[in-house]
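Some notes on the structure that comes next.
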Amino acid sequence: MAERLNGYRILILETREEAQFSKLLAEQGAEVVQCPMFTIQDAPDPAPVEAWIRRAIDRPLDNLVLMTGEGLRRIMKLARARGLDGAFVAALAGSRKFTRGPKPGKALREIGLEAQQTTEKPTTEGVIEMLGKLDLKGRRLGLQLYPDKDHGALIGALAAQGAEVDAVLPYAYDSKAADANIVTAIDDMAAGRIDAVALTNLGQVRRLIEAAKAHGSEAKLRAGFDRTLIASVGPAVSGELAAHGLRTDVSPAEDAYFMRPLISAMAVALAEKLPRQGT
């Protein structure tokens with residue numbers, strides 16, 4: 001069956017949803033090779049995050065822009081620890097809420113709220129395009145950011161529309177702990193022991209490149225990519241690959257930027273490209 005992955009070794013570089021993605025792949029018969037890319041930690045200094053929460057309560061936001069589901073969950077974790085969660089959720093109920101893709105929307109539903117609008121494309125450019133159609137002049141806009149990304153273009157675009165931007169960065173990445181795992185994954189790809197690598201966020205591409213450079217394995221990484229099917233969940237990941245001179249072999253159908261469609265697309269591509277191992 002074309003949708004089955006029996007006999008294929010799939011490398012995943014997940015963090016937040018690693019267990020779910022691994023389970024879905026295993027259900028399709030894949031041998032899953034997991035490589036944690038980094039660990040996610042609360043912001044090293046919680047004071048600015050707490051101050052942001054208190055501002056949102058004292059002066060409710062007109063608009064809230066969530067870039068990641070992880071960001072809202074980390075904010076809520078701190079709000080609960082400070083006994084502010086009820087007041088914070090109540091304050092957000094009156095705000096217009098916008099999300100970059102479906103994951104922040106899911107996090108909103110977990111606290112009983114709904115997004116008024118979600119980007120058509122789960123990218124920063126998609127957020128700028130979505131908000132560019134709104135009248136933001138003089139409006140207080142809460143902006144949840146994520147690590148390892150220059151958000152200057154987004155903040156500048158919102159400020160140019162006259163918004164009063166109040167940004168918060170509620171979590172951080174710890175990448176050093178995972179370097180040994182990444183080097184092993186690079187070796188496996190270069191040796192032909194991996195049939196496909198599944199990339200689900202652009203930070204994974206950056207981490208692969210950074211770790212390879214730090215450990216003198218950049219040439220080996222590119223050799224590994226040359227012989228491994230590269231699967232991208234959507235345009236943000238594919239754009240990051242292209243920025244580093246790397247290709248995308250397969251991605252889900254348009255607007256289906258989720259794990260299950262990615263798995264289906266990989267199964268079809270692998271069936272066309274490679275015979276199953278052991279057959």
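Scheme for the structure tokens: letters A, B, ... for chains in order shown; per-chain residue numbers from 1; ligand numbers from 1 in order shown.
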Which polymer residues have any atom within 8 Å of an atom of Pro147 (chain A), counting only C-alpha atoms, with same-chain residues fewer than 5 positions away left out, as a PyMOL selection string?
chain A and resi 169+171-173
May I have the selected residues written with N, CA, C and O atoms, as a PDB file, in the first residue's frame?
```pdb
ATOM      1  N   LEU A 169       8.727  37.461  25.103  1.00  0.00           N
ATOM      2  CA  LEU A 169       9.422  36.239  24.704  1.00  0.00           C
ATOM      3  C   LEU A 169       9.401  35.290  25.900  1.00  0.00           C
ATOM      4  O   LEU A 169      10.227  35.415  26.807  1.00  0.00           O
ATOM      5  N   TYR A 171       9.872  31.944  26.332  1.00  0.00           N
ATOM      6  CA  TYR A 171      10.666  30.733  26.490  1.00  0.00           C
ATOM      7  C   TYR A 171      11.968  30.849  25.718  1.00  0.00           C
ATOM      8  O   TYR A 171      12.170  31.779  24.937  1.00  0.00           O
ATOM      9  N   ALA A 172      12.859  29.893  25.966  1.00  0.00           N
ATOM     10  CA  ALA A 172      14.184  29.896  25.343  1.00  0.00           C
ATOM     11  C   ALA A 172      14.541  28.471  24.932  1.00  0.00           C
ATOM     12  O   ALA A 172      13.958  27.499  25.425  1.00  0.00           O
ATOM     13  N   TYR A 173      15.500  28.360  24.021  1.00  0.00           N
ATOM     14  CA  TYR A 173      16.011  27.058  23.590  1.00  0.00           C
ATOM     15  C   TYR A 173      17.361  26.783  24.251  1.00  0.00           C
ATOM     16  O   TYR A 173      18.204  27.681  24.373  1.00  0.00           O
TER      17      TYR A 173
END
```
How close does region 135-243 of chain A get to region 255-266 of chain A? List, as CSV, each residue of region 135-243 of chain A within 12 Å, its nearest atom pair and the distance in Å to one decimal, counting only C-alpha atoms.
```
residue,atom,partner,partner_atom,distance
A:Asp195,CA,A:Met266,CA,10.1
A:Ala196,CA,A:Met266,CA,7.9
A:Val197,CA,A:Met266,CA,9.5
A:Ala198,CA,A:Leu262,CA,8.2
A:Leu199,CA,A:Leu262,CA,9.4
A:Thr200,CA,A:Met259,CA,8.0
A:Asn201,CA,A:Tyr257,CA,10.7
A:Thr228,CA,A:Met266,CA,11.8
A:Leu229,CA,A:Met266,CA,8.5
A:Ile230,CA,A:Met266,CA,8.9
A:Ala231,CA,A:Met266,CA,6.7
A:Ser232,CA,A:Leu262,CA,7.5
A:Val233,CA,A:Tyr257,CA,5.5
A:Gly234,CA,A:Tyr257,CA,5.4
A:Pro235,CA,A:Tyr257,CA,8.6
A:Ala236,CA,A:Tyr257,CA,10.1
A:Val237,CA,A:Tyr257,CA,10.5
A:Ser238,CA,A:Tyr257,CA,11.6
```
At a cut-off of 10 Å, using only C-alpha atoms, what residues contact Val89 (chain A)? Leave out same-chain residues fewer than 2 positions from it and give the result as a PyMOL selection string.
chain A and resi 56-57+76+79+84-87+91-94+108+111-113
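Distances to Lys133 (chain A) were evaluated for A:Leu78, A:Pro60, A:Ala153, A:Leu158 using only C-alpha atoms, and the minimum falls at A:Leu158.
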What's the 7 Å shell around region 46-53 of chain A, counting only C-alpha atoms, without same-chain residues fewer than 6 positions away, as a list in words?
Phe88, Val168 and Pro170 of chain A
Just to be explicit: take each residue in the selection above, keep C-alpha atoms, and write the result as an mmCIF file, in the first residue's frame.
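Output saved as selection16.cif:
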```cif
data_model
loop_
_atom_site.group_PDB
_atom_site.id
_atom_site.type_symbol
_atom_site.label_atom_id
_atom_site.label_comp_id
_atom_site.auth_asym_id
_atom_site.auth_seq_id
_atom_site.Cartn_x
_atom_site.Cartn_y
_atom_site.Cartn_z
ATOM 1 C CA PHE A 88 -5.342 37.042 32.487
ATOM 2 C CA VAL A 168 7.000 39.161 25.082
ATOM 3 C CA PRO A 170 8.235 33.580 27.164
#
```
Let's see if you can do this: from backbone DSSP, list all strand (DSSP E or B) residues in region 40-263 of chain A, as an MDAnalysis selection string.
chainID A and resid 40:42 63:66 96:99 117:118 140:144 164:168 171:174 196:199 229:232 250
How would you write, as a ChimeraX atom specification, the set of residues in region 11-146 of chain A that DSSP gives as alpha helix (DSSP H)?
/A:18-27,47-58,69-81,85-93,102-110,124-131
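Among the candidates A:Val250, A:Lys106, A:Ala157, A:Cys35, the one nearest to Leu134 (chain A) when counting only C-alpha atoms is A:Ala157.
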Spatial neighbours of Leu13 (chain A), max dist 12 Å, only C-alpha atoms, sep filter under 3 positions, as a PDB file with N, CA, C and O atoms, in the first residue's frame:
```pdb
ATOM      1  N   ILE A  10      12.867   6.603   9.183  1.00  0.00           N
ATOM      2  CA  ILE A  10      12.533   8.023   9.112  1.00  0.00           C
ATOM      3  C   ILE A  10      13.182   8.738  10.292  1.00  0.00           C
ATOM      4  O   ILE A  10      12.959   8.374  11.452  1.00  0.00           O
ATOM      5  N   ARG A  16       8.604  19.654  20.657  1.00  0.00           N
ATOM      6  CA  ARG A  16       7.363  19.745  21.421  1.00  0.00           C
ATOM      7  C   ARG A  16       6.437  18.569  21.173  1.00  0.00           C
ATOM      8  O   ARG A  16       5.765  18.102  22.069  1.00  0.00           O
ATOM      9  N   GLU A  17       6.342  18.099  19.948  1.00  0.00           N
ATOM     10  CA  GLU A  17       5.349  17.075  19.630  1.00  0.00           C
ATOM     11  C   GLU A  17       6.022  15.802  19.126  1.00  0.00           C
ATOM     12  O   GLU A  17       5.473  15.063  18.317  1.00  0.00           O
ATOM     13  N   GLU A  18       7.217  15.547  19.624  1.00  0.00           N
ATOM     14  CA  GLU A  18       7.981  14.394  19.173  1.00  0.00           C
ATOM     15  C   GLU A  18       7.229  13.091  19.382  1.00  0.00           C
ATOM     16  O   GLU A  18       7.182  12.232  18.490  1.00  0.00           O
ATOM     17  N   ALA A  19       6.627  12.926  20.556  1.00  0.00           N
ATOM     18  CA  ALA A  19       5.948  11.664  20.861  1.00  0.00           C
ATOM     19  C   ALA A  19       4.779  11.431  19.911  1.00  0.00           C
ATOM     20  O   ALA A  19       4.583  10.314  19.410  1.00  0.00           O
ATOM     21  N   PHE A  21       4.303  12.696  16.815  1.00  0.00           N
ATOM     22  CA  PHE A  21       4.782  12.462  15.455  1.00  0.00           C
ATOM     23  C   PHE A  21       5.360  11.054  15.335  1.00  0.00           C
ATOM     24  O   PHE A  21       5.104  10.335  14.371  1.00  0.00           O
ATOM     25  N   SER A  22       6.142  10.644  16.320  1.00  0.00           N
ATOM     26  CA  SER A  22       6.733   9.310  16.318  1.00  0.00           C
ATOM     27  C   SER A  22       5.644   8.240  16.292  1.00  0.00           C
ATOM     28  O   SER A  22       5.739   7.251  15.556  1.00  0.00           O
ATOM     29  N   VAL A  32      11.286   4.589  13.364  1.00  0.00           N
ATOM     30  CA  VAL A  32      11.503   6.007  13.671  1.00  0.00           C
ATOM     31  C   VAL A  32      12.831   6.188  14.389  1.00  0.00           C
ATOM     32  O   VAL A  32      13.098   5.538  15.401  1.00  0.00           O
ATOM     33  N   VAL A  33      13.661   7.061  13.835  1.00  0.00           N
ATOM     34  CA  VAL A  33      14.927   7.438  14.466  1.00  0.00           C
ATOM     35  C   VAL A  33      14.745   8.847  15.006  1.00  0.00           C
ATOM     36  O   VAL A  33      14.595   9.798  14.248  1.00  0.00           O
ATOM     37  N   GLN A  34      14.747   8.984  16.333  1.00  0.00           N
ATOM     38  CA  GLN A  34      14.474  10.277  16.953  1.00  0.00           C
ATOM     39  C   GLN A  34      15.766  11.010  17.303  1.00  0.00           C
ATOM     40  O   GLN A  34      16.711  10.408  17.788  1.00  0.00           O
ATOM     41  N   CYS A  35      15.766  12.315  17.035  1.00  0.00           N
ATOM     42  CA  CYS A  35      16.910  13.151  17.365  1.00  0.00           C
ATOM     43  C   CYS A  35      16.404  14.453  17.980  1.00  0.00           C
ATOM     44  O   CYS A  35      16.010  15.373  17.255  1.00  0.00           O
ATOM     45  N   PRO A  36      16.365  14.541  19.308  1.00  0.00           N
ATOM     46  CA  PRO A  36      15.973  15.812  19.927  1.00  0.00           C
ATOM     47  C   PRO A  36      16.953  16.919  19.536  1.00  0.00           C
ATOM     48  O   PRO A  36      18.163  16.756  19.661  1.00  0.00           O
ATOM     49  N   MET A  37      16.422  18.030  19.055  1.00  0.00           N
ATOM     50  CA  MET A  37      17.257  19.113  18.561  1.00  0.00           C
ATOM     51  C   MET A  37      17.679  20.090  19.649  1.00  0.00           C
ATOM     52  O   MET A  37      18.755  20.663  19.614  1.00  0.00           O
ATOM     53  N   PHE A  38      16.807  20.323  20.588  1.00  0.00           N
ATOM     54  CA  PHE A  38      17.084  21.224  21.697  1.00  0.00           C
ATOM     55  C   PHE A  38      15.979  21.029  22.715  1.00  0.00           C
ATOM     56  O   PHE A  38      14.948  20.433  22.421  1.00  0.00           O
ATOM     57  N   THR A  39      16.208  21.479  23.895  1.00  0.00           N
ATOM     58  CA  THR A  39      15.162  21.458  24.905  1.00  0.00           C
ATOM     59  C   THR A  39      14.578  22.862  25.023  1.00  0.00           C
ATOM     60  O   THR A  39      15.257  23.859  24.790  1.00  0.00           O
ATOM     61  N   ALA A 178      21.905  18.872  23.011  1.00  0.00           N
ATOM     62  CA  ALA A 178      21.511  17.925  21.968  1.00  0.00           C
ATOM     63  C   ALA A 178      22.556  17.763  20.865  1.00  0.00           C
ATOM     64  O   ALA A 178      22.332  17.008  19.922  1.00  0.00           O
ATOM     65  N   ASN A 181      23.496  14.207  19.815  1.00  0.00           N
ATOM     66  CA  ASN A 181      22.432  13.535  19.058  1.00  0.00           C
ATOM     67  C   ASN A 181      22.442  13.978  17.599  1.00  0.00           C
ATOM     68  O   ASN A 181      22.236  13.169  16.681  1.00  0.00           O
ATOM     69  N   ILE A 182      22.663  15.267  17.385  1.00  0.00           N
ATOM     70  CA  ILE A 182      22.636  15.800  16.024  1.00  0.00           C
ATOM     71  C   ILE A 182      23.802  15.256  15.207  1.00  0.00           C
ATOM     72  O   ILE A 182      23.639  14.873  14.041  1.00  0.00           O
ATOM     73  N   ALA A 185      23.014  11.827  14.125  1.00  0.00           N
ATOM     74  CA  ALA A 185      22.023  11.826  13.039  1.00  0.00           C
ATOM     75  C   ALA A 185      22.679  12.183  11.713  1.00  0.00           C
ATOM     76  O   ALA A 185      22.350  11.589  10.666  1.00  0.00           O
ATOM     77  N   ILE A 186      23.596  13.135  11.729  1.00  0.00           N
ATOM     78  CA  ILE A 186      24.314  13.520  10.515  1.00  0.00           C
ATOM     79  C   ILE A 186      25.119  12.328   9.988  1.00  0.00           C
ATOM     80  O   ILE A 186      25.126  12.039   8.786  1.00  0.00           O
ATOM     81  N   ALA A 196      14.538   8.919   4.965  1.00  0.00           N
ATOM     82  CA  ALA A 196      13.931  10.253   4.850  1.00  0.00           C
ATOM     83  C   ALA A 196      14.107  11.000   6.157  1.00  0.00           C
ATOM     84  O   ALA A 196      14.113  10.397   7.238  1.00  0.00           O
ATOM     85  N   VAL A 197      14.258  12.314   6.049  1.00  0.00           N
ATOM     86  CA  VAL A 197      14.272  13.175   7.222  1.00  0.00           C
ATOM     87  C   VAL A 197      13.040  14.068   7.139  1.00  0.00           C
ATOM     88  O   VAL A 197      12.757  14.666   6.102  1.00  0.00           O
ATOM     89  N   ALA A 198      12.282  14.113   8.228  1.00  0.00           N
ATOM     90  CA  ALA A 198      11.043  14.895   8.258  1.00  0.00           C
ATOM     91  C   ALA A 198      11.262  16.146   9.078  1.00  0.00           C
ATOM     92  O   ALA A 198      11.569  16.083  10.270  1.00  0.00           O
ATOM     93  N   LEU A 199      11.107  17.304   8.443  1.00  0.00           N
ATOM     94  CA  LEU A 199      11.363  18.600   9.074  1.00  0.00           C
ATOM     95  C   LEU A 199      10.039  19.319   9.295  1.00  0.00           C
ATOM     96  O   LEU A 199       9.292  19.550   8.345  1.00  0.00           O
ATOM     97  N   THR A 200       9.770  19.678  10.545  1.00  0.00           N
ATOM     98  CA  THR A 200       8.470  20.264  10.868  1.00  0.00           C
ATOM     99  C   THR A 200       8.539  21.686  11.389  1.00  0.00           C
ATOM    100  O   THR A 200       7.500  22.294  11.647  1.00  0.00           O
ATOM    101  N   ASN A 201       9.746  22.233  11.579  1.00  0.00           N
ATOM    102  CA  ASN A 201       9.852  23.669  11.842  1.00  0.00           C
ATOM    103  C   ASN A 201      11.221  24.155  11.408  1.00  0.00           C
ATOM    104  O   ASN A 201      12.183  23.378  11.343  1.00  0.00           O
ATOM    105  N   LEU A 202      11.294  25.427  11.063  1.00  0.00           N
ATOM    106  CA  LEU A 202      12.523  25.960  10.460  1.00  0.00           C
ATOM    107  C   LEU A 202      13.692  25.984  11.432  1.00  0.00           C
ATOM    108  O   LEU A 202      14.855  25.969  11.022  1.00  0.00           O
ATOM    109  N   GLY A 203      13.396  25.994  12.737  1.00  0.00           N
ATOM    110  CA  GLY A 203      14.467  25.953  13.717  1.00  0.00           C
ATOM    111  C   GLY A 203      15.301  24.689  13.621  1.00  0.00           C
ATOM    112  O   GLY A 203      16.502  24.692  13.937  1.00  0.00           O
ATOM    113  N   GLN A 204      14.693  23.611  13.168  1.00  0.00           N
ATOM    114  CA  GLN A 204      15.419  22.350  12.998  1.00  0.00           C
ATOM    115  C   GLN A 204      16.502  22.481  11.930  1.00  0.00           C
ATOM    116  O   GLN A 204      17.619  21.971  12.089  1.00  0.00           O
ATOM    117  N   VAL A 205      16.176  23.158  10.837  1.00  0.00           N
ATOM    118  CA  VAL A 205      17.154  23.362   9.767  1.00  0.00           C
ATOM    119  C   VAL A 205      18.333  24.174  10.296  1.00  0.00           C
ATOM    120  O   VAL A 205      19.504  23.829  10.072  1.00  0.00           O
ATOM    121  N   ARG A 206      18.031  25.249  11.004  1.00  0.00           N
ATOM    122  CA  ARG A 206      19.094  26.097  11.546  1.00  0.00           C
ATOM    123  C   ARG A 206      19.976  25.334  12.521  1.00  0.00           C
ATOM    124  O   ARG A 206      21.195  25.467  12.513  1.00  0.00           O
ATOM    125  N   ARG A 207      19.355  24.516  13.360  1.00  0.00           N
ATOM    126  CA  ARG A 207      20.125  23.766  14.339  1.00  0.00           C
ATOM    127  C   ARG A 207      21.035  22.752  13.674  1.00  0.00           C
ATOM    128  O   ARG A 207      22.184  22.545  14.097  1.00  0.00           O
ATOM    129  N   LEU A 208      20.541  22.077  12.652  1.00  0.00           N
ATOM    130  CA  LEU A 208      21.382  21.131  11.917  1.00  0.00           C
ATOM    131  C   LEU A 208      22.612  21.826  11.351  1.00  0.00           C
ATOM    132  O   LEU A 208      23.741  21.336  11.487  1.00  0.00           O
ATOM    133  N   ALA A 231      11.807  15.842   3.593  1.00  0.00           N
ATOM    134  CA  ALA A 231      10.378  16.134   3.672  1.00  0.00           C
ATOM    135  C   ALA A 231      10.164  17.371   4.536  1.00  0.00           C
ATOM    136  O   ALA A 231      10.656  17.447   5.657  1.00  0.00           O
ATOM    137  N   SER A 232       9.433  18.343   4.012  1.00  0.00           N
ATOM    138  CA  SER A 232       9.165  19.606   4.702  1.00  0.00           C
ATOM    139  C   SER A 232       7.669  19.747   4.949  1.00  0.00           C
ATOM    140  O   SER A 232       6.855  19.508   4.055  1.00  0.00           O
TER     141      SER A 232
END
```
Leaving out Gln144 (chain A) and any residue of its chain fewer than 5 positions from it, which residues lie within 6 Å of it when counting only C-alpha atoms, given as an MDAnalysis selection string?
chainID A and resid 66:67 167:168
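Between Leu25 (chain A) and the candidates A:Leu136, A:Leu5, A:Ala43, A:Gly83, the tightest atom-to-atom separation, counting only C-alpha atoms, involves A:Leu5.
Counting only C-alpha atoms and comparing A:Asp135, A:Glu70, A:Glu129, A:Asp62, the residue that lies closest to Glu110 (chain A) is A:Glu70.
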